[in-house]
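Coordinates from run_24.txt are shown below (compact mmCIF, N, CA and C atoms and all ligand atoms).
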# COMPACT_ATOMS: atom_id res chain seq x y z
N MET A 1 -2.33 16.01 4.93
CA MET A 1 -2.46 14.57 5.16
C MET A 1 -2.16 13.81 3.87
N HIS A 2 -1.10 13.05 3.91
CA HIS A 2 -0.62 12.30 2.75
C HIS A 2 -1.66 11.27 2.30
N GLU A 3 -2.34 10.66 3.25
CA GLU A 3 -3.30 9.60 2.93
C GLU A 3 -4.41 10.08 2.00
N LEU A 4 -4.81 11.32 2.15
CA LEU A 4 -5.90 11.85 1.32
C LEU A 4 -5.52 11.86 -0.16
N SER A 5 -4.31 12.29 -0.46
CA SER A 5 -3.89 12.33 -1.87
C SER A 5 -3.71 10.91 -2.42
N VAL A 6 -3.23 10.01 -1.58
CA VAL A 6 -3.08 8.62 -2.01
C VAL A 6 -4.46 8.01 -2.26
N ALA A 7 -5.38 8.24 -1.33
CA ALA A 7 -6.73 7.68 -1.45
C ALA A 7 -7.44 8.24 -2.68
N SER A 8 -7.26 9.52 -2.97
CA SER A 8 -7.95 10.08 -4.13
C SER A 8 -7.37 9.55 -5.43
N GLU A 9 -6.10 9.22 -5.40
CA GLU A 9 -5.47 8.60 -6.57
C GLU A 9 -6.04 7.19 -6.79
N ILE A 10 -6.18 6.45 -5.72
CA ILE A 10 -6.76 5.09 -5.78
C ILE A 10 -8.18 5.15 -6.32
N VAL A 11 -8.95 6.08 -5.79
CA VAL A 11 -10.36 6.24 -6.21
C VAL A 11 -10.42 6.58 -7.69
N LYS A 12 -9.54 7.47 -8.13
CA LYS A 12 -9.51 7.89 -9.53
C LYS A 12 -9.24 6.69 -10.45
N VAL A 13 -8.23 5.90 -10.10
CA VAL A 13 -7.86 4.74 -10.90
C VAL A 13 -8.98 3.71 -10.91
N ALA A 14 -9.58 3.46 -9.74
CA ALA A 14 -10.65 2.46 -9.64
C ALA A 14 -11.86 2.86 -10.47
N ILE A 15 -12.21 4.13 -10.45
CA ILE A 15 -13.34 4.61 -11.24
C ILE A 15 -13.05 4.45 -12.73
N ARG A 16 -11.83 4.81 -13.11
CA ARG A 16 -11.44 4.71 -14.52
C ARG A 16 -11.51 3.27 -15.00
N GLU A 17 -11.01 2.34 -14.19
CA GLU A 17 -11.03 0.92 -14.55
C GLU A 17 -12.47 0.40 -14.64
N ALA A 18 -13.29 0.81 -13.68
CA ALA A 18 -14.68 0.36 -13.66
C ALA A 18 -15.43 0.87 -14.89
N GLU A 19 -15.16 2.11 -15.25
CA GLU A 19 -15.84 2.69 -16.42
C GLU A 19 -15.37 2.03 -17.71
N LYS A 20 -14.07 1.76 -17.76
CA LYS A 20 -13.49 1.13 -18.94
C LYS A 20 -14.15 -0.22 -19.22
N ARG A 21 -14.49 -0.92 -18.14
CA ARG A 21 -15.06 -2.27 -18.27
C ARG A 21 -16.58 -2.26 -18.19
N GLY A 22 -17.17 -1.11 -18.15
CA GLY A 22 -18.61 -1.01 -18.08
C GLY A 22 -19.23 -1.64 -16.84
N ALA A 23 -18.53 -1.52 -15.74
CA ALA A 23 -19.02 -2.13 -14.49
C ALA A 23 -20.29 -1.46 -14.00
N LYS A 24 -21.11 -2.28 -13.39
CA LYS A 24 -22.36 -1.78 -12.82
C LYS A 24 -22.12 -1.32 -11.38
N GLN A 25 -21.21 -2.05 -10.77
CA GLN A 25 -20.95 -1.81 -9.36
C GLN A 25 -19.55 -2.29 -9.03
N VAL A 26 -18.89 -1.62 -8.08
CA VAL A 26 -17.58 -2.08 -7.61
C VAL A 26 -17.75 -2.65 -6.21
N LYS A 27 -17.26 -3.87 -6.03
CA LYS A 27 -17.41 -4.56 -4.75
C LYS A 27 -16.29 -4.19 -3.77
N SER A 28 -15.07 -4.29 -4.28
CA SER A 28 -13.94 -3.99 -3.40
C SER A 28 -12.71 -3.61 -4.20
N VAL A 29 -11.87 -2.84 -3.56
CA VAL A 29 -10.60 -2.44 -4.14
C VAL A 29 -9.50 -2.96 -3.22
N HIS A 30 -8.59 -3.75 -3.80
CA HIS A 30 -7.55 -4.38 -3.00
C HIS A 30 -6.22 -3.68 -3.21
N LEU A 31 -5.66 -3.30 -2.10
CA LEU A 31 -4.48 -2.46 -2.12
C LEU A 31 -3.32 -3.13 -1.41
N ILE A 32 -2.13 -2.97 -1.98
CA ILE A 32 -0.91 -3.43 -1.31
C ILE A 32 -0.19 -2.19 -0.79
N VAL A 33 0.07 -2.16 0.48
CA VAL A 33 0.75 -1.00 1.05
C VAL A 33 1.99 -1.48 1.80
N GLY A 34 3.14 -1.03 1.34
CA GLY A 34 4.39 -1.38 2.01
C GLY A 34 4.49 -0.68 3.35
N ARG A 35 5.06 -1.39 4.31
CA ARG A 35 5.22 -0.84 5.66
C ARG A 35 6.06 0.43 5.69
N LEU A 36 6.98 0.51 4.76
CA LEU A 36 7.90 1.65 4.78
C LEU A 36 7.29 2.93 4.20
N THR A 37 6.08 2.84 3.70
CA THR A 37 5.43 4.04 3.18
C THR A 37 4.93 4.92 4.32
N HIS A 38 4.80 4.33 5.51
CA HIS A 38 4.28 5.04 6.68
C HIS A 38 2.84 5.49 6.48
N LEU A 39 2.15 4.87 5.53
CA LEU A 39 0.74 5.21 5.33
C LEU A 39 -0.10 4.50 6.38
N SER A 40 -1.04 5.21 6.93
CA SER A 40 -1.92 4.61 7.93
C SER A 40 -3.11 3.94 7.26
N LYS A 41 -3.30 2.68 7.61
CA LYS A 41 -4.43 1.92 7.09
C LYS A 41 -5.75 2.59 7.44
N GLU A 42 -5.84 3.02 8.67
CA GLU A 42 -7.07 3.63 9.16
C GLU A 42 -7.37 4.92 8.40
N GLN A 43 -6.33 5.75 8.22
CA GLN A 43 -6.51 7.01 7.51
C GLN A 43 -6.89 6.78 6.05
N LEU A 44 -6.25 5.80 5.44
CA LEU A 44 -6.55 5.50 4.04
C LEU A 44 -8.00 5.06 3.88
N THR A 45 -8.44 4.18 4.77
CA THR A 45 -9.81 3.70 4.72
C THR A 45 -10.79 4.84 4.97
N PHE A 46 -10.46 5.67 5.92
CA PHE A 46 -11.30 6.83 6.25
C PHE A 46 -11.46 7.74 5.03
N CYS A 47 -10.36 8.08 4.39
CA CYS A 47 -10.39 8.95 3.21
C CYS A 47 -11.14 8.29 2.06
N TYR A 48 -10.89 7.00 1.88
CA TYR A 48 -11.55 6.25 0.81
C TYR A 48 -13.06 6.30 0.99
N ASN A 49 -13.50 6.09 2.23
CA ASN A 49 -14.94 6.06 2.50
C ASN A 49 -15.61 7.41 2.27
N ILE A 50 -14.87 8.48 2.39
CA ILE A 50 -15.42 9.80 2.07
C ILE A 50 -15.46 10.00 0.56
N LEU A 51 -14.37 9.60 -0.11
CA LEU A 51 -14.25 9.86 -1.55
C LEU A 51 -15.16 8.99 -2.41
N LYS A 52 -15.59 7.85 -1.88
CA LYS A 52 -16.39 6.92 -2.70
C LYS A 52 -17.87 7.29 -2.73
N ARG A 53 -18.27 8.22 -1.91
CA ARG A 53 -19.70 8.46 -1.67
C ARG A 53 -20.52 8.79 -2.92
N ASP A 54 -19.94 9.60 -3.81
CA ASP A 54 -20.75 10.11 -4.92
C ASP A 54 -20.40 9.49 -6.27
N ASN A 55 -19.90 8.26 -6.25
CA ASN A 55 -19.55 7.66 -7.53
C ASN A 55 -19.79 6.16 -7.51
N ILE A 56 -19.28 5.49 -8.53
CA ILE A 56 -19.54 4.06 -8.70
C ILE A 56 -18.95 3.21 -7.57
N LEU A 57 -18.03 3.77 -6.83
CA LEU A 57 -17.40 3.03 -5.73
C LEU A 57 -18.26 2.99 -4.47
N LYS A 58 -19.34 3.74 -4.53
CA LYS A 58 -20.27 3.73 -3.41
C LYS A 58 -20.68 2.30 -3.07
N GLY A 59 -20.55 1.92 -1.83
CA GLY A 59 -20.90 0.56 -1.43
C GLY A 59 -19.73 -0.42 -1.52
N SER A 60 -18.59 0.06 -2.02
CA SER A 60 -17.43 -0.82 -2.11
C SER A 60 -16.58 -0.72 -0.85
N ARG A 61 -15.61 -1.62 -0.77
CA ARG A 61 -14.79 -1.74 0.40
C ARG A 61 -13.32 -1.63 -0.01
N LEU A 62 -12.54 -0.98 0.79
CA LEU A 62 -11.10 -0.93 0.54
C LEU A 62 -10.44 -2.00 1.40
N VAL A 63 -9.73 -2.91 0.74
CA VAL A 63 -9.06 -3.99 1.46
C VAL A 63 -7.55 -3.78 1.35
N ILE A 64 -6.91 -3.58 2.48
CA ILE A 64 -5.49 -3.25 2.47
C ILE A 64 -4.65 -4.42 2.98
N THR A 65 -3.67 -4.80 2.18
CA THR A 65 -2.70 -5.81 2.62
C THR A 65 -1.38 -5.10 2.86
N GLU A 66 -0.87 -5.24 4.06
CA GLU A 66 0.41 -4.61 4.36
C GLU A 66 1.55 -5.53 3.96
N GLN A 67 2.55 -4.94 3.36
CA GLN A 67 3.68 -5.72 2.91
C GLN A 67 4.91 -5.44 3.78
N GLU A 68 5.49 -6.51 4.27
CA GLU A 68 6.68 -6.37 5.11
C GLU A 68 7.87 -5.92 4.27
N PRO A 69 8.76 -5.14 4.85
CA PRO A 69 9.92 -4.68 4.10
C PRO A 69 10.88 -5.82 3.75
N LYS A 70 11.49 -5.68 2.60
CA LYS A 70 12.49 -6.66 2.17
C LYS A 70 13.66 -5.91 1.55
N VAL A 71 14.85 -6.35 1.88
CA VAL A 71 16.03 -5.66 1.36
C VAL A 71 16.96 -6.62 0.63
N GLU A 72 17.85 -6.02 -0.14
CA GLU A 72 18.85 -6.82 -0.85
C GLU A 72 20.23 -6.23 -0.61
N CYS A 73 21.17 -7.09 -0.34
CA CYS A 73 22.54 -6.64 -0.10
C CYS A 73 23.39 -7.01 -1.31
N SER A 74 24.05 -6.00 -1.88
CA SER A 74 24.85 -6.27 -3.07
C SER A 74 26.22 -6.81 -2.69
N SER A 75 26.60 -6.69 -1.44
CA SER A 75 27.91 -7.19 -1.02
C SER A 75 27.92 -8.70 -0.81
N CYS A 76 26.91 -9.20 -0.06
CA CYS A 76 26.92 -10.64 0.24
C CYS A 76 25.75 -11.39 -0.38
N GLY A 77 24.84 -10.67 -1.01
CA GLY A 77 23.74 -11.32 -1.69
C GLY A 77 22.53 -11.62 -0.82
N TYR A 78 22.57 -11.12 0.41
CA TYR A 78 21.45 -11.36 1.31
C TYR A 78 20.15 -10.73 0.78
N ILE A 79 19.08 -11.51 0.79
CA ILE A 79 17.76 -10.98 0.47
C ILE A 79 16.82 -11.41 1.58
N GLY A 80 16.16 -10.45 2.18
CA GLY A 80 15.24 -10.83 3.26
C GLY A 80 14.76 -9.64 4.03
N SER A 81 14.33 -9.90 5.23
CA SER A 81 13.78 -8.82 6.04
C SER A 81 14.90 -7.95 6.60
N ILE A 82 14.51 -6.79 7.08
CA ILE A 82 15.48 -5.84 7.60
C ILE A 82 15.86 -6.23 9.02
N GLY A 83 17.10 -5.99 9.34
CA GLY A 83 17.62 -6.37 10.65
C GLY A 83 16.78 -5.86 11.80
N LYS A 84 16.73 -4.58 11.98
CA LYS A 84 15.98 -4.02 13.09
C LYS A 84 14.83 -3.18 12.57
N VAL A 85 13.65 -3.58 12.89
CA VAL A 85 12.48 -2.78 12.55
C VAL A 85 11.66 -2.68 13.83
N SER A 86 11.44 -1.48 14.24
CA SER A 86 10.69 -1.36 15.49
C SER A 86 9.76 -0.16 15.46
N ASP A 87 8.78 -0.22 16.25
CA ASP A 87 7.84 0.87 16.41
C ASP A 87 8.40 1.87 17.42
N ASP A 88 8.45 3.12 17.08
CA ASP A 88 8.77 4.08 18.13
C ASP A 88 7.45 4.64 18.65
N GLU A 89 7.51 5.59 19.54
CA GLU A 89 6.27 6.02 20.20
C GLU A 89 5.31 6.75 19.26
N LEU A 90 5.80 7.15 18.09
CA LEU A 90 4.92 7.81 17.12
C LEU A 90 4.25 6.79 16.20
N GLY A 91 4.60 5.53 16.37
CA GLY A 91 4.02 4.51 15.51
C GLY A 91 4.71 4.42 14.17
N LEU A 92 5.83 5.08 14.04
CA LEU A 92 6.58 5.00 12.78
C LEU A 92 7.60 3.89 12.87
N TRP A 93 8.10 3.52 11.72
CA TRP A 93 9.07 2.43 11.68
C TRP A 93 10.48 2.97 11.66
N ALA A 94 11.26 2.50 12.61
CA ALA A 94 12.67 2.83 12.60
C ALA A 94 13.37 1.68 11.87
N VAL A 95 14.09 2.04 10.83
CA VAL A 95 14.59 1.02 9.94
C VAL A 95 16.11 1.04 9.87
N SER A 96 16.68 -0.11 10.00
CA SER A 96 18.11 -0.22 9.82
C SER A 96 18.38 -0.58 8.37
N LEU A 97 19.17 0.25 7.72
CA LEU A 97 19.44 -0.01 6.31
C LEU A 97 20.82 -0.64 6.10
N SER A 98 21.27 -1.38 7.09
CA SER A 98 22.49 -2.13 6.87
C SER A 98 22.18 -3.62 6.92
N CYS A 99 22.96 -4.37 6.20
CA CYS A 99 22.73 -5.80 6.05
C CYS A 99 22.86 -6.52 7.39
N PRO A 100 21.88 -7.36 7.75
CA PRO A 100 21.97 -8.08 9.02
C PRO A 100 23.08 -9.14 9.01
N LYS A 101 23.58 -9.46 7.82
CA LYS A 101 24.64 -10.48 7.74
C LYS A 101 26.03 -9.87 7.74
N CYS A 102 26.22 -8.87 6.88
CA CYS A 102 27.59 -8.34 6.74
C CYS A 102 27.72 -6.88 7.12
N GLY A 103 26.60 -6.19 7.36
CA GLY A 103 26.68 -4.81 7.84
C GLY A 103 26.81 -3.76 6.75
N GLU A 104 26.90 -4.19 5.50
CA GLU A 104 26.99 -3.23 4.40
C GLU A 104 25.61 -2.61 4.13
N PRO A 105 25.60 -1.44 3.48
CA PRO A 105 24.30 -0.83 3.18
C PRO A 105 23.48 -1.71 2.23
N VAL A 106 22.18 -1.73 2.45
CA VAL A 106 21.31 -2.55 1.61
C VAL A 106 20.38 -1.68 0.78
N LYS A 107 19.81 -2.30 -0.22
CA LYS A 107 18.85 -1.64 -1.08
C LYS A 107 17.46 -2.16 -0.72
N ILE A 108 16.49 -1.26 -0.67
CA ILE A 108 15.13 -1.68 -0.35
C ILE A 108 14.47 -2.27 -1.60
N LYS A 109 14.00 -3.52 -1.47
CA LYS A 109 13.35 -4.19 -2.59
C LYS A 109 11.83 -4.07 -2.50
N GLU A 110 11.31 -4.25 -1.30
CA GLU A 110 9.87 -4.22 -1.09
C GLU A 110 9.58 -3.45 0.19
N GLY A 111 8.40 -2.86 0.20
CA GLY A 111 8.01 -2.16 1.42
C GLY A 111 7.73 -0.69 1.17
N LEU A 112 8.05 -0.22 -0.05
CA LEU A 112 7.85 1.19 -0.37
C LEU A 112 6.69 1.41 -1.33
N GLU A 113 6.04 0.32 -1.73
CA GLU A 113 5.03 0.47 -2.76
C GLU A 113 3.64 0.70 -2.18
N CYS A 114 2.82 1.27 -3.02
CA CYS A 114 1.41 1.43 -2.69
C CYS A 114 0.69 1.29 -4.02
N ARG A 115 0.09 0.13 -4.23
CA ARG A 115 -0.50 -0.10 -5.54
C ARG A 115 -1.79 -0.92 -5.42
N ILE A 116 -2.61 -0.80 -6.43
CA ILE A 116 -3.84 -1.57 -6.48
C ILE A 116 -3.52 -2.95 -7.02
N LYS A 117 -3.92 -3.98 -6.27
CA LYS A 117 -3.67 -5.35 -6.69
C LYS A 117 -4.84 -5.86 -7.51
N ALA A 118 -6.04 -5.53 -7.09
CA ALA A 118 -7.23 -6.02 -7.78
C ALA A 118 -8.42 -5.12 -7.48
N ILE A 119 -9.33 -5.09 -8.44
CA ILE A 119 -10.60 -4.39 -8.25
C ILE A 119 -11.70 -5.38 -8.57
N LYS A 120 -12.53 -5.67 -7.60
CA LYS A 120 -13.63 -6.60 -7.85
C LYS A 120 -14.88 -5.80 -8.21
N MET A 121 -15.41 -6.10 -9.39
CA MET A 121 -16.57 -5.36 -9.85
C MET A 121 -17.62 -6.25 -10.49
N VAL A 122 -18.81 -5.73 -10.54
CA VAL A 122 -19.91 -6.46 -11.17
C VAL A 122 -20.09 -5.92 -12.58
N ILE A 123 -19.86 -6.80 -13.54
CA ILE A 123 -20.01 -6.38 -14.94
C ILE A 123 -21.26 -7.06 -15.50
N PRO A 124 -22.20 -6.27 -15.98
CA PRO A 124 -23.45 -6.85 -16.44
C PRO A 124 -23.27 -7.71 -17.71
ZN ZN A 201 25.34 -8.30 3.21

Show this structure as structure tokens.
Ligand SMILES: [Zn+2]
Amino acid sequence: MHELSVASEIVKVAIREAEKRGAKQVKSVHLIVGRLTHLSKEQLTFCYNILKRDNILKGSRLVITEQEPKVECSSCGYIGSIGKVSDDELGLWAVSLSCPKCGEPVKIKEGLECRIKAIKMVIP
């Protein structure tokens, strides 16, 4: 399960940041997850809630913001959402990587990241 390794990485970073700042308690960890990562919000939260039990993150909440995919076309300069994005029966995203304007291949600008945006903590 990919989500477990991602969640444990998030937990590791959050603990390190909290310790660095001498936090008493962590309130919430805010995460940006691109749609194209195929990471499940539910699975991430589930793993996070298991991993936080025995450390400073106990009692904190994982807040996930999903980021819509964005592409850039080097042929015509188009920047924006992907032409066809749809859910198939597995819940995965089928993505068209050609420009909706000119049909040339596009580069993915956003939608592949998974990063911590903010950690809210109580510092005495
Ligand atoms: Zn184009």

Practice prompt. Could you give me the residues within 7 Å of ligand ZN 201 (chain A), counting only C-alpha atoms and all ligand atoms, as number ranges by chain?
Written response: A: 73-78, 99-104

Secondary structure check, strand (DSSP E or B) residues of chain A, as a CSV table (one decimal) with N, CA and C atoms, in the frame of the given file:
chain,number,residue,atom,x,y,z
A,25,GLN,N,-21.2,-2.0,-10.8
A,25,GLN,CA,-21.0,-1.8,-9.4
A,25,GLN,C,-19.6,-2.3,-9.0
A,26,VAL,N,-18.9,-1.6,-8.1
A,26,VAL,CA,-17.6,-2.1,-7.6
A,26,VAL,C,-17.8,-2.6,-6.2
A,27,LYS,N,-17.3,-3.9,-6.0
A,27,LYS,CA,-17.4,-4.6,-4.8
A,27,LYS,C,-16.3,-4.2,-3.8
A,28,SER,N,-15.1,-4.3,-4.3
A,28,SER,CA,-13.9,-4.0,-3.4
A,28,SER,C,-12.7,-3.6,-4.2
A,29,VAL,N,-11.9,-2.8,-3.6
A,29,VAL,CA,-10.6,-2.4,-4.1
A,29,VAL,C,-9.5,-3.0,-3.2
A,30,HIS,N,-8.6,-3.8,-3.8
A,30,HIS,CA,-7.6,-4.4,-3.0
A,30,HIS,C,-6.2,-3.7,-3.2
A,31,LEU,N,-5.7,-3.3,-2.1
A,31,LEU,CA,-4.5,-2.5,-2.1
A,31,LEU,C,-3.3,-3.1,-1.4
A,32,ILE,N,-2.1,-3.0,-2.0
A,32,ILE,CA,-0.9,-3.4,-1.3
A,32,ILE,C,-0.2,-2.2,-0.8
A,33,VAL,N,0.1,-2.2,0.5
A,33,VAL,CA,0.8,-1.0,1.0
A,33,VAL,C,2.0,-1.5,1.8
A,34,GLY,N,3.1,-1.0,1.3
A,34,GLY,CA,4.4,-1.4,2.0
A,34,GLY,C,4.5,-0.7,3.4
A,61,ARG,N,-15.6,-1.6,-0.8
A,61,ARG,CA,-14.8,-1.7,0.4
A,61,ARG,C,-13.3,-1.6,0.0
A,62,LEU,N,-12.5,-1.0,0.8
A,62,LEU,CA,-11.1,-0.9,0.5
A,62,LEU,C,-10.4,-2.0,1.4
A,63,VAL,N,-9.7,-2.9,0.7
A,63,VAL,CA,-9.1,-4.0,1.5
A,63,VAL,C,-7.6,-3.8,1.4
A,64,ILE,N,-6.9,-3.6,2.5
A,64,ILE,CA,-5.5,-3.2,2.5
A,64,ILE,C,-4.6,-4.4,3.0
A,65,THR,N,-3.7,-4.8,2.2
A,65,THR,CA,-2.7,-5.8,2.6
A,65,THR,C,-1.4,-5.1,2.9
A,66,GLU,N,-0.9,-5.2,4.1
A,66,GLU,CA,0.4,-4.6,4.4
A,66,GLU,C,1.6,-5.5,4.0
A,67,GLN,N,2.6,-4.9,3.4
A,67,GLN,CA,3.7,-5.7,2.9
A,67,GLN,C,4.9,-5.4,3.8
A,70,LYS,N,11.5,-5.7,2.6
A,70,LYS,CA,12.5,-6.7,2.2
A,70,LYS,C,13.7,-5.9,1.6
A,71,VAL,N,14.8,-6.4,1.9
A,71,VAL,CA,16.0,-5.7,1.4
A,71,VAL,C,17.0,-6.6,0.6
A,72,GLU,N,17.8,-6.0,-0.1
A,72,GLU,CA,18.8,-6.8,-0.8
A,72,GLU,C,20.2,-6.2,-0.6
A,79,ILE,N,19.1,-11.5,0.8
A,79,ILE,CA,17.8,-11.0,0.5
A,79,ILE,C,16.8,-11.4,1.6
A,80,GLY,N,16.2,-10.4,2.2
A,80,GLY,CA,15.2,-10.8,3.3
A,80,GLY,C,14.8,-9.6,4.0
A,85,VAL,N,13.6,-3.6,12.9
A,85,VAL,CA,12.5,-2.8,12.6
A,85,VAL,C,11.7,-2.7,13.8
A,86,SER,N,11.4,-1.5,14.2
A,86,SER,CA,10.7,-1.4,15.5
A,86,SER,C,9.8,-0.2,15.5
A,87,ASP,N,8.8,-0.2,16.2
A,87,ASP,CA,7.8,0.9,16.4
A,87,ASP,C,8.4,1.9,17.4
A,93,TRP,N,8.1,3.5,11.7
A,93,TRP,CA,9.1,2.4,11.7
A,93,TRP,C,10.5,3.0,11.7
A,94,ALA,N,11.3,2.5,12.6
A,94,ALA,CA,12.7,2.8,12.6
A,94,ALA,C,13.4,1.7,11.9
A,95,VAL,N,14.1,2.0,10.8
A,95,VAL,CA,14.6,1.0,9.9
A,95,VAL,C,16.1,1.0,9.9
A,98,SER,N,21.3,-1.4,7.1
A,98,SER,CA,22.5,-2.1,6.9
A,98,SER,C,22.2,-3.6,6.9
A,105,PRO,N,25.6,-1.4,3.5
A,105,PRO,CA,24.3,-0.8,3.2
A,105,PRO,C,23.5,-1.7,2.2
A,107,LYS,N,19.8,-2.3,-0.2
A,107,LYS,CA,18.8,-1.6,-1.1
A,107,LYS,C,17.5,-2.2,-0.7
A,108,ILE,N,16.5,-1.3,-0.7
A,108,ILE,CA,15.1,-1.7,-0.4
A,108,ILE,C,14.5,-2.3,-1.6
A,109,LYS,N,14.0,-3.5,-1.5
A,109,LYS,CA,13.4,-4.2,-2.6
A,109,LYS,C,11.8,-4.1,-2.5
A,110,GLU,N,11.3,-4.2,-1.3
A,110,GLU,CA,9.9,-4.2,-1.1
A,110,GLU,C,9.6,-3.4,0.2
A,114,CYS,N,2.8,1.3,-3.0
A,114,CYS,CA,1.4,1.4,-2.7
A,114,CYS,C,0.7,1.3,-4.0
A,115,ARG,N,0.1,0.1,-4.2
A,115,ARG,CA,-0.5,-0.1,-5.5
A,115,ARG,C,-1.8,-0.9,-5.4
A,116,ILE,N,-2.6,-0.8,-6.4
A,116,ILE,CA,-3.8,-1.6,-6.5
A,116,ILE,C,-3.5,-3.0,-7.0
A,117,LYS,N,-3.9,-4.0,-6.3
A,117,LYS,CA,-3.7,-5.4,-6.7
A,117,LYS,C,-4.8,-5.9,-7.5
A,118,ALA,N,-6.0,-5.5,-7.1
A,118,ALA,CA,-7.2,-6.0,-7.8
A,118,ALA,C,-8.4,-5.1,-7.5
A,119,ILE,N,-9.3,-5.1,-8.4
A,119,ILE,CA,-10.6,-4.4,-8.2
A,119,ILE,C,-11.7,-5.4,-8.6
A,120,LYS,N,-12.5,-5.7,-7.6
A,120,LYS,CA,-13.6,-6.6,-7.8
A,120,LYS,C,-14.9,-5.8,-8.2
A,121,MET,N,-15.4,-6.1,-9.4
A,121,MET,CA,-16.6,-5.4,-9.8
A,121,MET,C,-17.6,-6.2,-10.5
A,122,VAL,N,-18.8,-5.7,-10.5
A,122,VAL,CA,-19.9,-6.5,-11.2
A,122,VAL,C,-20.1,-5.9,-12.6

Fill in: Selected residue of minimal separation from A:Ile123 among A:Gln25, A:Ser5, A:Asn49, A:Gln67, counting only C-alpha atoms
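Between A:Gln25, A:Ser5, A:Asn49, A:Gln67, the residue approaching A:Ile123 most closely is A:Gln25.
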
Discussion item. Would you compute the distance between atom CA of A:Lys20 and atom N of A:Asn55? Give it in Å to one decimal.
Written reply: 15.9 Å

Fill in: Which residue of A:Val26, A:Leu112, A:Leu39, A:Val71 approaches A:Lys58 most closely, using all atoms listed in the file
A:Val26

Discussion item. To one decimal place in Å, what is the distance between atom N of A:Leu4 and atom C of A:Ile64?
Written reply: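 Separation between atom N of A:Leu4 and atom C of A:Ile64: 15.8 Å.
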
Fill in: Polymer residues at most 6 Å from stretch 6-14 of chain A, all atoms listed in the file, same-chain spacing of 3 or more positions, as a ChimeraX atom specification
/A:2-3,17-19,44,47-48

Restricted to N, CA and C atoms, what would the selected residues look like written as a PDB file, keeping the file's coordinate frame?
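Printed below is selection25.pdb as written:
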ATOM      1  N   HIS A   2      -1.100  13.050   3.910  1.00  0.00           N
ATOM      2  CA  HIS A   2      -0.620  12.300   2.750  1.00  0.00           C
ATOM      3  C   HIS A   2      -1.660  11.270   2.300  1.00  0.00           C
ATOM      4  N   GLU A   3      -2.340  10.660   3.250  1.00  0.00           N
ATOM      5  CA  GLU A   3      -3.300   9.600   2.930  1.00  0.00           C
ATOM      6  C   GLU A   3      -4.410  10.080   2.000  1.00  0.00           C
ATOM      7  N   GLU A  17     -11.010   2.340 -14.190  1.00  0.00           N
ATOM      8  CA  GLU A  17     -11.030   0.920 -14.550  1.00  0.00           C
ATOM      9  C   GLU A  17     -12.470   0.400 -14.640  1.00  0.00           C
ATOM     10  N   ALA A  18     -13.290   0.810 -13.680  1.00  0.00           N
ATOM     11  CA  ALA A  18     -14.680   0.360 -13.660  1.00  0.00           C
ATOM     12  C   ALA A  18     -15.430   0.870 -14.890  1.00  0.00           C
ATOM     13  N   GLU A  19     -15.160   2.110 -15.250  1.00  0.00           N
ATOM     14  CA  GLU A  19     -15.840   2.690 -16.420  1.00  0.00           C
ATOM     15  C   GLU A  19     -15.370   2.030 -17.710  1.00  0.00           C
ATOM     16  N   LEU A  44      -6.250   5.800   5.440  1.00  0.00           N
ATOM     17  CA  LEU A  44      -6.550   5.500   4.040  1.00  0.00           C
ATOM     18  C   LEU A  44      -8.000   5.060   3.880  1.00  0.00           C
ATOM     19  N   CYS A  47     -10.360   8.080   4.390  1.00  0.00           N
ATOM     20  CA  CYS A  47     -10.390   8.950   3.210  1.00  0.00           C
ATOM     21  C   CYS A  47     -11.140   8.290   2.060  1.00  0.00           C
ATOM     22  N   TYR A  48     -10.890   7.000   1.880  1.00  0.00           N
ATOM     23  CA  TYR A  48     -11.550   6.250   0.810  1.00  0.00           C
ATOM     24  C   TYR A  48     -13.060   6.300   0.990  1.00  0.00           C
TER      25      TYR A  48
END
